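Next comes input.pdb, a file with PDB, C-alpha atoms, pLDDT in the B column.
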ATOM      1  CA  MET L   1       0.000   0.000   0.000  1.00 64.00           C
ATOM      2  CA  GLY L   2       1.483   3.356  -1.057  1.00 84.00           C
ATOM      3  CA  LEU L   3       1.310   6.487   0.988  1.00 93.00           C
ATOM      4  CA  ASP L   4      -0.490   9.645  -0.093  1.00 97.00           C
ATOM      5  CA  LYS L   5       1.071  13.100   0.005  1.00 97.00           C
ATOM      6  CA  ILE L   6       0.029  16.328   1.666  1.00 97.00           C
ATOM      7  CA  HIS L   7       1.955  19.374   0.457  1.00 97.00           C
ATOM      8  CA  ILE L   8       2.871  22.585   2.240  1.00 98.00           C
ATOM      9  CA  LYS L   9       4.234  24.922  -0.423  1.00 98.00           C
ATOM     10  CA  ASP L  10       6.273  28.085  -0.195  1.00 97.00           C
ATOM     11  CA  LEU L  11       6.283  28.779   3.542  1.00 97.00           C
ATOM     12  CA  LEU L  12       8.254  32.021   3.685  1.00 97.00           C
ATOM     13  CA  VAL L  13       9.958  33.066   6.919  1.00 95.00           C
ATOM     14  CA  HIS L  14      12.304  36.022   7.476  1.00 94.00           C
ATOM     15  CA  ALA L  15      14.879  34.686   9.946  1.00 94.00           C
ATOM     16  CA  ILE L  16      18.513  34.246  10.933  1.00 95.00           C
ATOM     17  CA  ILE L  17      20.334  31.405   9.167  1.00 95.00           C
ATOM     18  CA  GLY L  18      23.891  31.007   7.970  1.00 92.00           C
ATOM     19  CA  ILE L  19      27.481  30.811   9.107  1.00 93.00           C
ATOM     20  CA  ASN L  20      28.866  34.121   7.885  1.00 91.00           C
ATOM     21  CA  PRO L  21      29.035  36.964  10.422  1.00 93.00           C
ATOM     22  CA  ASP L  22      26.524  39.134   8.545  1.00 92.00           C
ATOM     23  CA  GLU L  23      24.093  36.191   8.344  1.00 91.00           C
ATOM     24  CA  ARG L  24      24.165  35.905  12.143  1.00 94.00           C
ATOM     25  CA  VAL L  25      22.733  39.411  12.556  1.00 93.00           C
ATOM     26  CA  THR L  26      20.740  40.084   9.391  1.00 93.00           C
ATOM     27  CA  LYS L  27      17.517  38.215   8.784  1.00 94.00           C
ATOM     28  CA  GLN L  28      17.012  36.721   5.340  1.00 94.00           C
ATOM     29  CA  ASP L  29      14.221  34.933   3.538  1.00 95.00           C
ATOM     30  CA  ILE L  30      13.913  31.196   3.996  1.00 96.00           C
ATOM     31  CA  LEU L  31      11.531  29.354   1.694  1.00 97.00           C
ATOM     32  CA  VAL L  32      10.305  25.925   2.816  1.00 98.00           C
ATOM     33  CA  ASN L  33       8.391  23.226   0.962  1.00 98.00           C
ATOM     34  CA  VAL L  34       7.232  20.072   2.713  1.00 98.00           C
ATOM     35  CA  THR L  35       5.609  16.858   1.572  1.00 98.00           C
ATOM     36  CA  LEU L  36       4.019  14.747   4.309  1.00 98.00           C
ATOM     37  CA  PHE L  37       3.542  11.071   3.472  1.00 98.00           C
ATOM     38  CA  PHE L  38       0.370   9.768   5.106  1.00 96.00           C
ATOM     39  CA  ASP L  39      -2.496   7.402   4.317  1.00 96.00           C
ATOM     40  CA  THR L  40      -5.471   9.675   3.557  1.00 96.00           C
ATOM     41  CA  ARG L  41      -7.997   6.867   3.026  1.00 96.00           C
ATOM     42  CA  ALA L  42      -9.724   7.283   6.404  1.00 95.00           C
ATOM     43  CA  ALA L  43     -10.079  11.043   5.928  1.00 96.00           C
ATOM     44  CA  GLY L  44     -11.303  10.547   2.367  1.00 96.00           C
ATOM     45  CA  ALA L  45     -14.010   8.167   3.578  1.00 96.00           C
ATOM     46  CA  SER L  46     -15.092  10.020   6.723  1.00 97.00           C
ATOM     47  CA  ASP L  47     -14.638  13.684   5.705  1.00 97.00           C
ATOM     48  CA  GLU L  48     -13.555  14.261   9.325  1.00 97.00           C
ATOM     49  CA  MET L  49     -10.560  16.430  10.241  1.00 94.00           C
ATOM     50  CA  THR L  50      -9.622  14.038  13.037  1.00 95.00           C
ATOM     51  CA  ASP L  51      -8.809  11.448  10.367  1.00 96.00           C
ATOM     52  CA  SER L  52      -6.371  13.744   8.570  1.00 96.00           C
ATOM     53  CA  ILE L  53      -3.166  15.663   9.219  1.00 96.00           C
ATOM     54  CA  ASN L  54      -3.675  19.204  10.481  1.00 96.00           C
ATOM     55  CA  TYR L  55      -1.273  20.961   8.153  1.00 94.00           C
ATOM     56  CA  SER L  56      -2.051  24.320   9.768  1.00 96.00           C
ATOM     57  CA  THR L  57      -0.688  23.073  13.102  1.00 97.00           C
ATOM     58  CA  ILE L  58       2.433  21.677  11.426  1.00 97.00           C
ATOM     59  CA  THR L  59       2.996  24.870   9.438  1.00 97.00           C
ATOM     60  CA  LYS L  60       2.721  27.004  12.578  1.00 97.00           C
ATOM     61  CA  ALA L  61       5.181  24.766  14.438  1.00 98.00           C
ATOM     62  CA  MET L  62       7.696  24.949  11.590  1.00 97.00           C
ATOM     63  CA  TYR L  63       7.284  28.724  11.275  1.00 96.00           C
ATOM     64  CA  ALA L  64       7.843  29.232  15.005  1.00 96.00           C
ATOM     65  CA  HIS L  65      10.990  27.087  14.912  1.00 97.00           C
ATOM     66  CA  ILE L  66      12.471  28.836  11.875  1.00 95.00           C
ATOM     67  CA  ASP L  67      11.657  32.228  13.393  1.00 93.00           C
ATOM     68  CA  THR L  68      13.588  31.504  16.603  1.00 94.00           C
ATOM     69  CA  ALA L  69      16.138  28.709  16.030  1.00 95.00           C
ATOM     70  CA  ALA L  70      18.805  30.610  14.035  1.00 94.00           C
ATOM     71  CA  PRO L  71      20.735  27.527  12.826  1.00 95.00           C
ATOM     72  CA  GLY L  72      24.044  27.896  11.062  1.00 95.00           C
ATOM     73  CA  LEU L  73      23.366  25.369   8.324  1.00 96.00           C
ATOM     74  CA  VAL L  74      20.332  24.726   6.157  1.00 96.00           C
ATOM     75  CA  GLU L  75      21.068  21.028   6.727  1.00 97.00           C
ATOM     76  CA  LYS L  76      20.397  21.522  10.461  1.00 97.00           C
ATOM     77  CA  LEU L  77      17.199  23.414   9.729  1.00 97.00           C
ATOM     78  CA  VAL L  78      15.677  20.719   7.512  1.00 98.00           C
ATOM     79  CA  ALA L  79      16.641  18.008  10.022  1.00 97.00           C
ATOM     80  CA  ASP L  80      14.896  19.993  12.775  1.00 97.00           C
ATOM     81  CA  LEU L  81      11.812  20.489  10.609  1.00 98.00           C
ATOM     82  CA  ALA L  82      11.571  16.769   9.882  1.00 98.00           C
ATOM     83  CA  ARG L  83      11.582  16.027  13.603  1.00 98.00           C
ATOM     84  CA  ILE L  84       8.912  18.689  14.197  1.00 98.00           C
ATOM     85  CA  CYS L  85       6.639  17.091  11.583  1.00 98.00           C
ATOM     86  CA  PHE L  86       6.964  13.644  13.151  1.00 98.00           C
ATOM     87  CA  GLU L  87       6.497  14.981  16.684  1.00 97.00           C
ATOM     88  CA  THR L  88       3.425  17.002  15.686  1.00 97.00           C
ATOM     89  CA  ASP L  89       1.489  14.068  14.235  1.00 97.00           C
ATOM     90  CA  GLY L  90       2.311  10.424  14.898  1.00 96.00           C
ATOM     91  CA  ARG L  91       0.581   9.281  11.704  1.00 96.00           C
ATOM     92  CA  ILE L  92       3.111  10.887   9.363  1.00 97.00           C
ATOM     93  CA  GLU L  93       5.309   8.085   8.014  1.00 97.00           C
ATOM     94  CA  GLU L  94       7.751  10.041   5.839  1.00 98.00           C
ATOM     95  CA  VAL L  95       8.620  13.641   5.022  1.00 98.00           C
ATOM     96  CA  GLU L  96      10.418  15.387   2.221  1.00 98.00           C
ATOM     97  CA  ILE L  97      11.566  18.895   3.064  1.00 98.00           C
ATOM     98  CA  THR L  98      13.313  21.547   1.009  1.00 98.00           C
ATOM     99  CA  ALA L  99      14.617  24.759   2.555  1.00 98.00           C
ATOM    100  CA  GLU L 100      16.053  27.452   0.324  1.00 97.00           C
ATOM    101  CA  LYS L 101      17.802  30.759   0.803  1.00 95.00           C
ATOM    102  CA  PRO L 102      16.626  32.908  -2.127  1.00 94.00           C
ATOM    103  CA  GLY L 103      19.353  35.160  -3.469  1.00 84.00           C
ATOM    104  CA  ALA L 104      21.980  33.836  -1.060  1.00 84.00           C
ATOM    105  CA  VAL L 105      24.533  33.205  -3.797  1.00 87.00           C
ATOM    106  CA  THR L 106      25.273  35.656  -6.588  1.00 88.00           C
ATOM    107  CA  HIS L 107      23.847  34.692  -9.991  1.00 92.00           C
ATOM    108  CA  THR L 108      21.388  32.163  -8.502  1.00 91.00           C
ATOM    109  CA  LYS L 109      17.693  32.327  -7.785  1.00 93.00           C
ATOM    110  CA  SER L 110      18.233  30.331  -4.587  1.00 93.00           C
ATOM    111  CA  VAL L 111      20.297  27.649  -2.895  1.00 94.00           C
ATOM    112  CA  GLY L 112      18.909  24.963  -0.653  1.00 96.00           C
ATOM    113  CA  VAL L 113      18.804  21.466   0.721  1.00 97.00           C
ATOM    114  CA  THR L 114      16.225  18.696   0.257  1.00 98.00           C
ATOM    115  CA  ILE L 115      15.964  15.697   2.568  1.00 98.00           C
ATOM    116  CA  HIS L 116      13.662  12.682   2.605  1.00 98.00           C
ATOM    117  CA  ARG L 117      13.301  10.965   5.982  1.00 98.00           C
ATOM    118  CA  THR L 118      11.189   8.205   7.481  1.00 97.00           C
ATOM    119  CA  ARG L 119       9.724   8.270  10.959  1.00 97.00           C
ATOM    120  CA  ALA L 120      12.017   5.394  12.011  1.00 95.00           C
ATOM    121  CA  GLU L 121      15.163   7.240  10.861  1.00 94.00           C
ATOM    122  CA  VAL L 122      14.334  10.411  12.768  1.00 94.00           C
ATOM    123  CA  MET L 123      12.577   9.205  15.876  1.00 91.00           C
ATOM    124  CA  ASN L 124      14.990   6.322  16.588  1.00 89.00           C
ATOM    125  CA  SER L 125      18.134   8.409  16.266  1.00 78.00           C
TER     126      SER L 125
END
Can I see the file as structure tokens?
Amino acid sequence: MGLDKIHIKDLLVHAIIGINPDERVTKQDILVNVTLFFDTRAAGASDEMTDSINYSTITKAMYAHIDTAAPGLVEKLVADLARICFETDGRIEEVEITAEKPGAVTHTKSVGVTIHRTRAEVMNS
């Protein structure tokens, strides 16, 4: 049985991220996209929110973390966000997360990191 996908697209947060001295004091845009892997069959049959993932709750938790965490590396940020997704709803089986820093490197639209993690990888580590 395959898992379905719930998408959170283009979450934009203005926050501290980076290792350079100016990045430690100047907020910059961080753009996040998340895919939550989850079986939506129960929600599709019942039409009840309790049978689905509350993506608003997850989005708010990710936003709050990005707004206050100030990690040095984007790799740390996406790892943290994966854990937040799994901790927020125990029914999420996998996540794919991309975090980008638009305009961070000259002559690029953005730079970023994408990870794909399972619940077992994150919660058992």
Considering all atoms listed in the file, state which residue in the set L:Val13, L:Val25, L:Val32, L:Met62 is at the smallest distance from Val113 in chain L. L:Val32
Counting all atoms listed in the file, which residues come within 12 Å of (19.2, 35.2, -4.6), with the point read in the file's coordinates, and could you list them as number ranges by chain? L: 28-31, 100-112
Taking the file as shown, find all residues satisfying the PyMOL selection byres ((chain L and resi 16) around 9) and write them as a ChimeraX atom specification. /L:14-15,17-18,23-30,66-72
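The residues returned by the PyMOL selection byres ((chain L and resi 96) around 9) for this structure are Asn33, Val34, Thr35, Leu36, Phe37, Ala82, Glu94, Val95, Ile97, Thr98, Thr114, Ile115, His116, Arg117 and Thr118 of chain L.
Here the question is which of L:Leu3, L:Asp22, L:Arg41, L:Ala99 gets nearest to Val74 in chain L using all atoms listed in the file, and that residue is L:Ala99.
Relative to CA of Leu81 in chain L, CA of Phe38 in chain L is found at 16.6 Å.
If you measure from each of L:Glu87, L:Glu121, L:Asp39, L:Glu93 to Gly2 in chain L using all atoms listed in the file, the closest one turns out to be L:Asp39.
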In Å, rounded to a single decimal, give me how far CA of Asp10 in chain L is from CA of Phe86 in chain L. 19.7 Å
Contacts of Asn54 in chain L at 12 Å or less, counting all atoms listed in the file, minus same-chain residues fewer than 6 places along, as an NGL selection string? :L and (6-8 or 36 or 38 or 40 or 43 or 48 or 60-61 or 85 or 88-92)
Selected residues written out, C-alpha atoms, as a CSV table (one decimal), in the frame of the given file:
chain,number,residue,atom,x,y,z
L,6,ILE,CA,0.0,16.3,1.7
L,7,HIS,CA,2.0,19.4,0.5
L,8,ILE,CA,2.9,22.6,2.2
L,36,LEU,CA,4.0,14.7,4.3
L,38,PHE,CA,0.4,9.8,5.1
L,40,THR,CA,-5.5,9.7,3.6
L,43,ALA,CA,-10.1,11.0,5.9
L,48,GLU,CA,-13.6,14.3,9.3
L,60,LYS,CA,2.7,27.0,12.6
L,61,ALA,CA,5.2,24.8,14.4
L,85,CYS,CA,6.6,17.1,11.6
L,88,THR,CA,3.4,17.0,15.7
L,89,ASP,CA,1.5,14.1,14.2
L,90,GLY,CA,2.3,10.4,14.9
L,91,ARG,CA,0.6,9.3,11.7
L,92,ILE,CA,3.1,10.9,9.4
Would you compute the box with edges along x, y and z of the file around range 43-46 of chain L, including every atom the file lists for it and 5 Å extra on each side, and give its centre and edge lengths in Å to one decimal, as lines of an AutoDock Vina configuration file?
center_x = -12.6
center_y = 9.6
center_z = 4.5
size_x = 15.0
size_y = 12.9
size_z = 14.4
Please indicate the distance in Å from CA of Ile58 in chain L to CA of Lys9 in chain L, rounded to one decimal place. 12.4 Å
Some atoms are missing, so please complete range 93-117 of chain L with N, CA and C atoms and return it as a short mmCIF file (atom, residue, chain, number, x, y, z; two decimals), in the coordinates of the input.
data_model
loop_
_atom_site.label_atom_id
_atom_site.label_comp_id
_atom_site.auth_asym_id
_atom_site.auth_seq_id
_atom_site.Cartn_x
_atom_site.Cartn_y
_atom_site.Cartn_z
N GLU L 93 4.34 9.17 8.16
CA GLU L 93 5.31 8.09 8.01
C GLU L 93 6.63 8.54 7.41
N GLU L 94 6.56 9.52 6.50
CA GLU L 94 7.75 10.04 5.84
C GLU L 94 7.56 11.53 5.58
N VAL L 95 8.67 12.24 5.42
CA VAL L 95 8.62 13.64 5.02
C VAL L 95 9.70 13.90 3.97
N GLU L 96 9.40 14.84 3.11
CA GLU L 96 10.42 15.39 2.22
C GLU L 96 10.37 16.89 2.42
N ILE L 97 11.51 17.47 2.73
CA ILE L 97 11.57 18.90 3.06
C ILE L 97 12.67 19.56 2.26
N THR L 98 12.33 20.71 1.68
CA THR L 98 13.31 21.55 1.01
C THR L 98 13.30 22.91 1.68
N ALA L 99 14.47 23.40 2.04
CA ALA L 99 14.62 24.76 2.56
C ALA L 99 15.61 25.48 1.66
N GLU L 100 15.22 26.67 1.24
CA GLU L 100 16.05 27.45 0.32
C GLU L 100 16.32 28.84 0.89
N LYS L 101 17.45 29.38 0.49
CA LYS L 101 17.80 30.76 0.80
C LYS L 101 17.82 31.53 -0.52
N PRO L 102 16.69 32.16 -0.86
CA PRO L 102 16.63 32.91 -2.13
C PRO L 102 17.67 34.02 -2.16
N GLY L 103 18.38 34.09 -3.28
CA GLY L 103 19.35 35.16 -3.47
C GLY L 103 20.60 35.07 -2.62
N ALA L 104 20.84 33.96 -1.97
CA ALA L 104 21.98 33.84 -1.06
C ALA L 104 23.31 33.79 -1.79
N VAL L 105 23.31 33.30 -3.02
CA VAL L 105 24.53 33.20 -3.80
C VAL L 105 24.35 34.01 -5.08
N THR L 106 25.31 34.83 -5.39
CA THR L 106 25.27 35.66 -6.59
C THR L 106 25.02 34.80 -7.83
N HIS L 107 24.19 35.32 -8.72
CA HIS L 107 23.85 34.69 -9.99
C HIS L 107 22.97 33.45 -9.84
N THR L 108 22.33 33.27 -8.69
CA THR L 108 21.39 32.16 -8.50
C THR L 108 20.05 32.70 -8.01
N LYS L 109 19.01 31.99 -8.33
CA LYS L 109 17.69 32.33 -7.78
C LYS L 109 17.64 31.95 -6.31
N SER L 110 18.19 30.77 -5.98
CA SER L 110 18.23 30.33 -4.59
C SER L 110 19.19 29.15 -4.46
N VAL L 111 19.55 28.86 -3.23
CA VAL L 111 20.30 27.65 -2.90
C VAL L 111 19.56 26.97 -1.76
N GLY L 112 19.65 25.64 -1.70
CA GLY L 112 18.91 24.96 -0.65
C GLY L 112 19.29 23.50 -0.52
N VAL L 113 18.57 22.87 0.39
CA VAL L 113 18.80 21.47 0.72
C VAL L 113 17.45 20.76 0.75
N THR L 114 17.41 19.55 0.18
CA THR L 114 16.23 18.70 0.26
C THR L 114 16.61 17.40 0.95
N ILE L 115 15.78 16.99 1.92
CA ILE L 115 15.96 15.70 2.57
C ILE L 115 14.67 14.90 2.48
N HIS L 116 14.80 13.60 2.52
CA HIS L 116 13.66 12.68 2.60
C HIS L 116 13.96 11.76 3.79
N ARG L 117 13.08 11.76 4.78
CA ARG L 117 13.30 10.96 5.98
C ARG L 117 12.06 10.16 6.33
#
